[in-house]
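The file final-v1.cif contains mmCIF, C-alpha atoms:
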data_my_file
#
loop_
_atom_site.label_atom_id
_atom_site.label_comp_id
_atom_site.auth_asym_id
_atom_site.auth_seq_id
_atom_site.Cartn_x
_atom_site.Cartn_y
_atom_site.Cartn_z
CA MET A 1 -17.10 -70.85 -131.99
CA SER A 2 -18.74 -73.47 -134.20
CA LEU A 3 -17.00 -76.62 -135.36
CA LYS A 4 -17.35 -75.41 -138.95
CA LYS A 5 -15.36 -72.27 -138.13
CA VAL A 6 -12.72 -74.33 -136.32
CA LEU A 7 -12.36 -76.70 -139.28
CA ASP A 8 -12.27 -73.81 -141.74
CA GLN A 9 -9.38 -72.31 -139.78
CA LEU A 10 -7.50 -75.59 -139.47
CA VAL A 11 -7.92 -76.98 -142.98
CA VAL A 12 -6.30 -74.30 -145.13
CA PRO A 13 -5.71 -73.50 -147.91
CA SER A 14 -8.94 -74.49 -149.63
CA SER A 15 -7.00 -76.82 -151.94
CA SER A 16 -6.32 -79.06 -148.93
CA SER A 17 -9.05 -81.24 -147.53
CA ILE A 18 -9.58 -84.31 -145.43
CA ASP A 19 -8.67 -87.53 -147.24
CA LEU A 20 -11.05 -90.07 -145.70
CA ARG A 21 -9.03 -92.91 -147.24
CA MET A 22 -6.24 -92.06 -144.79
CA ILE A 23 -8.48 -92.64 -141.77
CA ASN A 24 -8.17 -96.18 -140.47
CA THR A 25 -9.95 -96.57 -137.15
CA PRO A 26 -12.33 -99.02 -135.54
CA PHE A 27 -14.22 -95.97 -134.22
CA ASP A 28 -15.76 -95.14 -137.58
CA LYS A 29 -19.29 -94.22 -138.66
CA ALA A 30 -20.51 -97.84 -138.41
CA PHE A 31 -19.18 -98.03 -134.84
CA TRP A 32 -20.85 -94.70 -134.02
CA ASP A 33 -24.17 -95.79 -135.52
CA HIS A 34 -24.29 -98.79 -133.17
CA LEU A 35 -23.56 -96.80 -130.01
CA ARG A 36 -26.48 -95.98 -127.76
CA SER A 37 -26.45 -93.36 -125.04
CA GLY A 38 -26.50 -94.91 -121.59
CA GLY A 39 -27.22 -92.74 -118.62
CA VAL A 40 -27.22 -92.74 -114.89
CA GLU A 41 -30.43 -94.59 -114.07
CA GLY A 42 -30.31 -95.71 -110.48
CA TYR A 43 -27.29 -93.56 -109.70
CA ALA A 44 -27.84 -92.72 -106.04
CA GLU A 45 -25.48 -89.77 -105.55
CA GLY A 46 -26.11 -86.15 -106.53
CA ARG A 47 -27.49 -85.74 -110.02
CA TYR A 48 -26.84 -82.90 -112.39
CA GLU A 49 -28.83 -82.02 -115.46
CA HIS A 50 -28.04 -80.59 -118.88
CA ASN A 51 -30.61 -80.27 -121.67
CA GLY A 52 -32.92 -82.69 -119.87
CA ARG A 53 -30.25 -85.37 -119.46
CA LYS A 54 -29.05 -86.54 -116.05
CA LEU A 55 -25.26 -86.38 -115.67
CA ARG A 56 -23.05 -87.65 -112.86
CA SER A 57 -20.93 -84.56 -112.15
CA ARG A 58 -20.45 -80.83 -112.58
CA GLY A 59 -17.43 -81.61 -114.76
CA GLU A 60 -19.55 -83.67 -117.13
CA VAL A 61 -22.07 -80.81 -117.35
CA VAL A 62 -19.27 -78.42 -118.31
CA ILE A 63 -17.97 -80.84 -120.95
CA ALA A 64 -21.50 -81.30 -122.36
CA GLN A 65 -21.90 -77.52 -122.53
CA VAL A 66 -18.60 -77.20 -124.40
CA LEU A 67 -19.56 -79.96 -126.84
CA ASP A 68 -22.90 -78.24 -127.44
CA SER A 69 -21.24 -74.84 -127.92
CA LEU A 70 -18.92 -76.36 -130.56
CA GLY A 71 -21.90 -77.97 -132.26
CA LEU A 72 -20.51 -81.47 -131.75
CA GLU A 73 -22.73 -84.53 -131.81
CA TYR A 74 -22.20 -86.78 -128.80
CA LYS A 75 -23.65 -89.67 -126.88
CA TYR A 76 -23.51 -89.77 -123.10
CA GLU A 77 -22.21 -92.91 -121.41
CA PRO A 78 -22.55 -95.24 -124.40
CA SER A 79 -21.91 -98.90 -123.70
CA ILE A 80 -18.78 -100.35 -125.31
CA HIS A 81 -17.33 -103.83 -124.91
CA ILE A 82 -13.65 -104.51 -124.43
CA GLY A 83 -12.95 -108.18 -124.08
CA GLU A 84 -15.41 -109.57 -121.57
CA TYR A 85 -16.02 -106.22 -119.89
CA ARG A 86 -18.53 -103.48 -120.60
CA TYR A 87 -17.51 -99.85 -120.12
CA ASN A 88 -19.40 -96.59 -120.35
CA PRO A 89 -17.04 -93.77 -121.32
CA ASP A 90 -18.51 -90.42 -120.32
CA PHE A 91 -18.88 -89.19 -123.89
CA ALA A 92 -18.50 -90.50 -127.41
CA VAL A 93 -18.15 -87.61 -129.87
CA TYR A 94 -18.71 -87.98 -133.61
CA LEU A 95 -17.11 -85.80 -136.26
CA PRO A 96 -18.81 -86.40 -139.63
CA GLU A 97 -16.03 -84.53 -141.45
CA PHE A 98 -13.71 -87.39 -140.47
CA GLU A 99 -16.37 -90.12 -140.32
CA ARG A 100 -15.04 -91.19 -136.93
CA CYS A 101 -15.56 -90.68 -133.24
CA PHE A 102 -13.49 -90.24 -130.12
CA PHE A 103 -14.17 -90.61 -126.41
CA ILE A 104 -13.96 -88.28 -123.45
CA GLU A 105 -13.53 -89.36 -119.86
CA PHE A 106 -13.76 -86.95 -116.95
CA LEU A 107 -11.94 -88.32 -113.93
CA GLY A 108 -13.28 -86.03 -111.27
CA MET A 109 -12.27 -87.58 -107.96
CA LEU A 110 -8.54 -88.11 -108.22
CA ASP A 111 -8.28 -87.43 -104.51
CA LYS A 112 -10.08 -90.73 -103.73
CA TYR A 113 -7.90 -93.86 -103.82
CA ASP A 114 -10.65 -96.37 -104.77
CA TYR A 115 -11.84 -94.13 -107.60
CA VAL A 116 -8.30 -93.79 -108.97
CA ALA A 117 -7.71 -97.55 -108.81
CA LYS A 118 -10.99 -98.36 -110.59
CA ASN A 119 -10.42 -95.78 -113.31
CA SER A 120 -6.75 -96.72 -113.80
CA SER A 121 -7.96 -100.20 -114.69
CA LYS A 122 -10.54 -98.79 -117.10
CA ILE A 123 -7.98 -96.55 -118.85
CA TYR A 124 -5.58 -99.49 -119.10
CA SER A 125 -8.34 -101.55 -120.75
CA TYR A 126 -9.04 -98.74 -123.20
CA MET A 127 -5.38 -98.53 -124.14
CA SER A 128 -5.03 -102.32 -124.36
CA SER A 129 -7.92 -102.36 -126.84
CA GLY A 130 -6.04 -99.99 -129.14
CA MET A 131 -7.33 -96.60 -128.01
CA VAL A 132 -4.64 -93.94 -128.03
CA ILE A 133 -4.81 -91.03 -125.59
CA ASN A 134 -5.12 -87.69 -127.41
CA ARG A 135 -6.17 -89.45 -130.62
CA ASP A 136 -9.10 -91.69 -129.63
CA LEU A 137 -9.50 -90.66 -126.00
CA LEU A 138 -9.37 -87.30 -124.25
CA LEU A 139 -8.93 -87.36 -120.48
CA PHE A 140 -9.91 -84.49 -118.21
CA TYR A 141 -9.01 -84.53 -114.53
CA GLY A 142 -10.28 -83.03 -111.33
CA THR A 143 -10.78 -83.55 -107.62
CA LEU A 144 -13.79 -83.06 -105.40
CA ASN A 145 -12.92 -79.33 -105.28
CA SER A 146 -11.43 -78.64 -108.70
CA MET A 147 -11.97 -79.33 -112.37
CA PRO A 148 -10.56 -78.16 -115.70
CA SER A 149 -11.61 -74.78 -117.02
CA VAL A 150 -13.92 -74.35 -119.99
CA GLU A 151 -10.97 -72.87 -121.87
CA ASP A 152 -8.83 -75.96 -121.20
CA ILE A 153 -11.58 -78.29 -122.40
CA VAL A 154 -12.15 -76.27 -125.59
CA GLU A 155 -8.39 -76.07 -126.20
CA ASP A 156 -7.93 -79.84 -125.86
CA ILE A 157 -10.86 -80.67 -128.16
CA ILE A 158 -9.64 -78.20 -130.79
CA ALA A 159 -6.09 -79.59 -130.45
CA LEU A 160 -7.43 -83.09 -131.18
CA ILE A 161 -9.32 -81.85 -134.24
CA SER A 162 -6.22 -79.96 -135.38
CA LYS A 163 -4.14 -83.12 -135.02
CA TRP A 164 -6.66 -85.04 -137.12
CA CYS A 165 -6.54 -82.29 -139.77
CA ARG A 166 -2.76 -82.68 -140.01
CA MET A 167 -2.91 -86.50 -139.94
CA TYR A 168 -5.66 -86.81 -142.54
CA SER A 169 -4.92 -83.86 -144.77
CA ALA A 170 -5.01 -84.51 -148.51
CA ARG A 171 -2.45 -81.71 -148.85
CA GLY A 172 0.43 -84.14 -148.59
CA ALA A 173 -1.26 -86.78 -150.75
#
Would you put the structure from the file into structure tokens?
Amino acid sequence: MSLKKVLDQLVVPSSSSIDLRMINTPFDKAFWDHLRSGGVEGYAEGRYEHNGRKLRSRGEVVIAQVLDSLGLEYKYEPSIHIGEYRYNPDFAVYLPEFERCFFIEFLGMLDKYDYVAKNSSKIYSYMSSGMVINRDLLLFYGTLNSMPSVEDIVEDIIALISKWCRMYSARGA
């Protein structure tokens, strides 16, 4: 299903539309325009590939496939600065209809203590910088032997877009 079809289903009736004046976020078009895809250069562990791009995990490949199937524009592992630290969220996704972006993190080794500790700190930094989970940041979880289904990933992305449609609808304006 394309993003256009999703938005057409969510933003009804036709008299309602997105009121861009209602959207107040630091993750706007200007922020998006300055993001650059990172990558996994020098990453020593197993590499996966999608559309010619090296990805770190099977879970990230599935997420990239879902984003592509929805026709969403994204950047892989863009560099963002929070305080004195630099982070590379797995994906930044831009929705031109809202002139804003959101981030996706896939936490795929929740059965490894060091990994959980490192990523807990990163998520805390994201939230301390003003990111809100399920508004600015989608989190997907897995272990070495499990990951979310394609259906769950699609459902969560569409739920976020649906939430934005309700939040930014000109219907109530």
Report the closest atom pair, with its distance in Å rounded to one decimal, for each residue of stretch 102-150 of chain A that has an atom no farther than 9 Å from stretch 75-84 of chain A; count only C-alpha atoms, sort by chain and then rising residue number, and write it as JSON lines.
{"residue": "A:Ser125", "atom": "CA", "partner": "A:Ile82", "partner_atom": "CA", "distance": 7.1}
{"residue": "A:Tyr126", "atom": "CA", "partner": "A:Ile82", "partner_atom": "CA", "distance": 7.5}
{"residue": "A:Ser128", "atom": "CA", "partner": "A:Ile82", "partner_atom": "CA", "distance": 8.9}
{"residue": "A:Ser129", "atom": "CA", "partner": "A:Ile82", "partner_atom": "CA", "distance": 6.6}
With distances taken over only C-alpha atoms, which residue among A:Leu72, A:Ile63, A:Met127, A:Cys101 lies nearest A:Lys29?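 Closest candidate: A:Cys101.
Between A:Leu107 and the candidates A:Thr25, A:Ser57, A:Ser69, A:Asn134, the tightest atom-to-atom separation, counting all atoms listed in the file, involves A:Ser57.
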Residue nearest A:Glu60 - candidates A:Arg47, A:Ala30, A:Glu155, A:Ser162, atoms counted: all atoms listed in the file: A:Arg47
Given the file above and the PyMOL selection byres ((chain A and resi 48) around 10), which residues are selected, and can you give them as a PyMOL selection string? chain A and resi 45-47+49-50+52-61
What is the distance, in Å and to one decimal place, between atom CA of A:Arg100 and atom CA of A:Arg36?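 Interatomic distance, atom CA of A:Arg100 to atom CA of A:Arg36: 15.4 Å.
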Taking the file as I've supplied it (selection: the PyMOL selection byres ((chain A and resi 168) around 8)), which residues are included? Please answer as a list of chain:residue names. A:Ile18, A:Asp19, A:Leu20, A:Met22, A:Ile23, A:Trp164, A:Cys165, A:Arg166, A:Met167, A:Ser169, A:Ala170
Calculated over all atoms listed in the file, which of the candidates A:Gly108, A:Pro148, A:Pro96, A:Gly142 has the smallest distance to A:Gly71? A:Pro96
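The two atoms in question, atom CA of A:Lys112 and atom CA of A:Met131, are spaced 25.1 Å apart.
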For A:Val150, please output as a PDB file with C-alpha atoms, keeping the file's coordinate frame all residues within 8 Å (counting all atoms listed in the file; exclusion window: fewer than 4 positions along the same chain).
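Output file selection14.pdb follows:
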ATOM      1  CA  VAL A  62     -19.270 -78.420-118.310  1.00  0.00           C
ATOM      2  CA  ILE A  63     -17.970 -80.840-120.950  1.00  0.00           C
ATOM      3  CA  VAL A  66     -18.600 -77.200-124.400  1.00  0.00           C
ATOM      4  CA  VAL A 154     -12.150 -76.270-125.590  1.00  0.00           C
TER       5      VAL A 154
END
Separation of atom CA of A:Leu144 from atom CA of A:Asp111 in Å: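 Computing the Euclidean distance for atom CA of A:Asp111 and atom CA of A:Leu144 yields 7.1 Å.
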Given only C-alpha atoms as the counted atoms, nearest of A:Asn88, A:Gln65, A:Ser37, A:Thr143 to A:Tyr115: A:Thr143
Give the answer as one residue: which of A:Asp68, A:Glu151, A:Asp114, A:Asp28 has the shortest atom-to-atom distance to A:Phe98, using only C-alpha atoms? A:Asp28
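For the file at hand, the PyMOL selection byres ((chain A and resi 73) around 6) resolves to A:Leu72, A:Tyr74, A:Val93, A:Tyr94.
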Name the residues within 10 Å of (-6.9, -92.1, -127.8), counting all atoms listed in the file in the file's coordinates, and put them as a PDB file with C-alpha atoms, in the coordinates of the input.
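Final output, selection-v3.pdb:
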ATOM      1  CA  PHE A 102     -13.490 -90.240-130.120  1.00  0.00           C
ATOM      2  CA  PHE A 103     -14.170 -90.610-126.410  1.00  0.00           C
ATOM      3  CA  ILE A 104     -13.960 -88.280-123.450  1.00  0.00           C
ATOM      4  CA  TYR A 126      -9.040 -98.740-123.200  1.00  0.00           C
ATOM      5  CA  MET A 127      -5.380 -98.530-124.140  1.00  0.00           C
ATOM      6  CA  GLY A 130      -6.040 -99.990-129.140  1.00  0.00           C
ATOM      7  CA  MET A 131      -7.330 -96.600-128.010  1.00  0.00           C
ATOM      8  CA  VAL A 132      -4.640 -93.940-128.030  1.00  0.00           C
ATOM      9  CA  ILE A 133      -4.810 -91.030-125.590  1.00  0.00           C
ATOM     10  CA  ASN A 134      -5.120 -87.690-127.410  1.00  0.00           C
ATOM     11  CA  ARG A 135      -6.170 -89.450-130.620  1.00  0.00           C
ATOM     12  CA  ASP A 136      -9.100 -91.690-129.630  1.00  0.00           C
ATOM     13  CA  LEU A 137      -9.500 -90.660-126.000  1.00  0.00           C
ATOM     14  CA  LEU A 138      -9.370 -87.300-124.250  1.00  0.00           C
ATOM     15  CA  LEU A 139      -8.930 -87.360-120.480  1.00  0.00           C
ATOM     16  CA  LEU A 160      -7.430 -83.090-131.180  1.00  0.00           C
TER      17      LEU A 160
END
Your completed stretch 147-161 of chain A with N, CA and C atoms, as a CSV table (one decimal), in the frame of the given file:
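File written: part13.csv
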chain,number,residue,atom,x,y,z
A,147,MET,N,-11.8,-78.7,-111.1
A,147,MET,CA,-12.0,-79.3,-112.4
A,147,MET,C,-11.4,-78.4,-113.4
A,148,PRO,N,-11.2,-79.0,-114.7
A,148,PRO,CA,-10.6,-78.2,-115.7
A,148,PRO,C,-11.5,-77.0,-116.1
A,149,SER,N,-10.8,-75.9,-116.6
A,149,SER,CA,-11.6,-74.8,-117.0
A,149,SER,C,-12.3,-75.1,-118.4
A,150,VAL,N,-13.3,-74.3,-118.7
A,150,VAL,CA,-13.9,-74.4,-120.0
A,150,VAL,C,-12.9,-74.1,-121.1
A,151,GLU,N,-12.0,-73.2,-120.9
A,151,GLU,CA,-11.0,-72.9,-121.9
A,151,GLU,C,-10.1,-74.1,-122.1
A,152,ASP,N,-9.7,-74.8,-121.1
A,152,ASP,CA,-8.8,-76.0,-121.2
A,152,ASP,C,-9.5,-77.1,-122.0
A,153,ILE,N,-10.8,-77.3,-121.7
A,153,ILE,CA,-11.6,-78.3,-122.4
A,153,ILE,C,-11.7,-77.9,-123.9
A,154,VAL,N,-12.0,-76.7,-124.2
A,154,VAL,CA,-12.2,-76.3,-125.6
A,154,VAL,C,-10.8,-76.4,-126.3
A,155,GLU,N,-9.7,-76.0,-125.6
A,155,GLU,CA,-8.4,-76.1,-126.2
A,155,GLU,C,-8.0,-77.5,-126.5
A,156,ASP,N,-8.3,-78.4,-125.6
A,156,ASP,CA,-7.9,-79.8,-125.9
A,156,ASP,C,-8.8,-80.5,-127.0
A,157,ILE,N,-10.0,-80.1,-127.1
A,157,ILE,CA,-10.9,-80.7,-128.2
A,157,ILE,C,-10.4,-80.1,-129.5
A,158,ILE,N,-10.1,-78.8,-129.5
A,158,ILE,CA,-9.6,-78.2,-130.8
A,158,ILE,C,-8.3,-78.7,-131.2
A,159,ALA,N,-7.4,-79.0,-130.2
A,159,ALA,CA,-6.1,-79.6,-130.4
A,159,ALA,C,-6.2,-81.0,-131.1
A,160,LEU,N,-7.2,-81.8,-130.6
A,160,LEU,CA,-7.4,-83.1,-131.2
A,160,LEU,C,-7.9,-82.9,-132.6
A,161,ILE,N,-8.8,-82.1,-132.9
A,161,ILE,CA,-9.3,-81.8,-134.2
A,161,ILE,C,-8.2,-81.4,-135.1
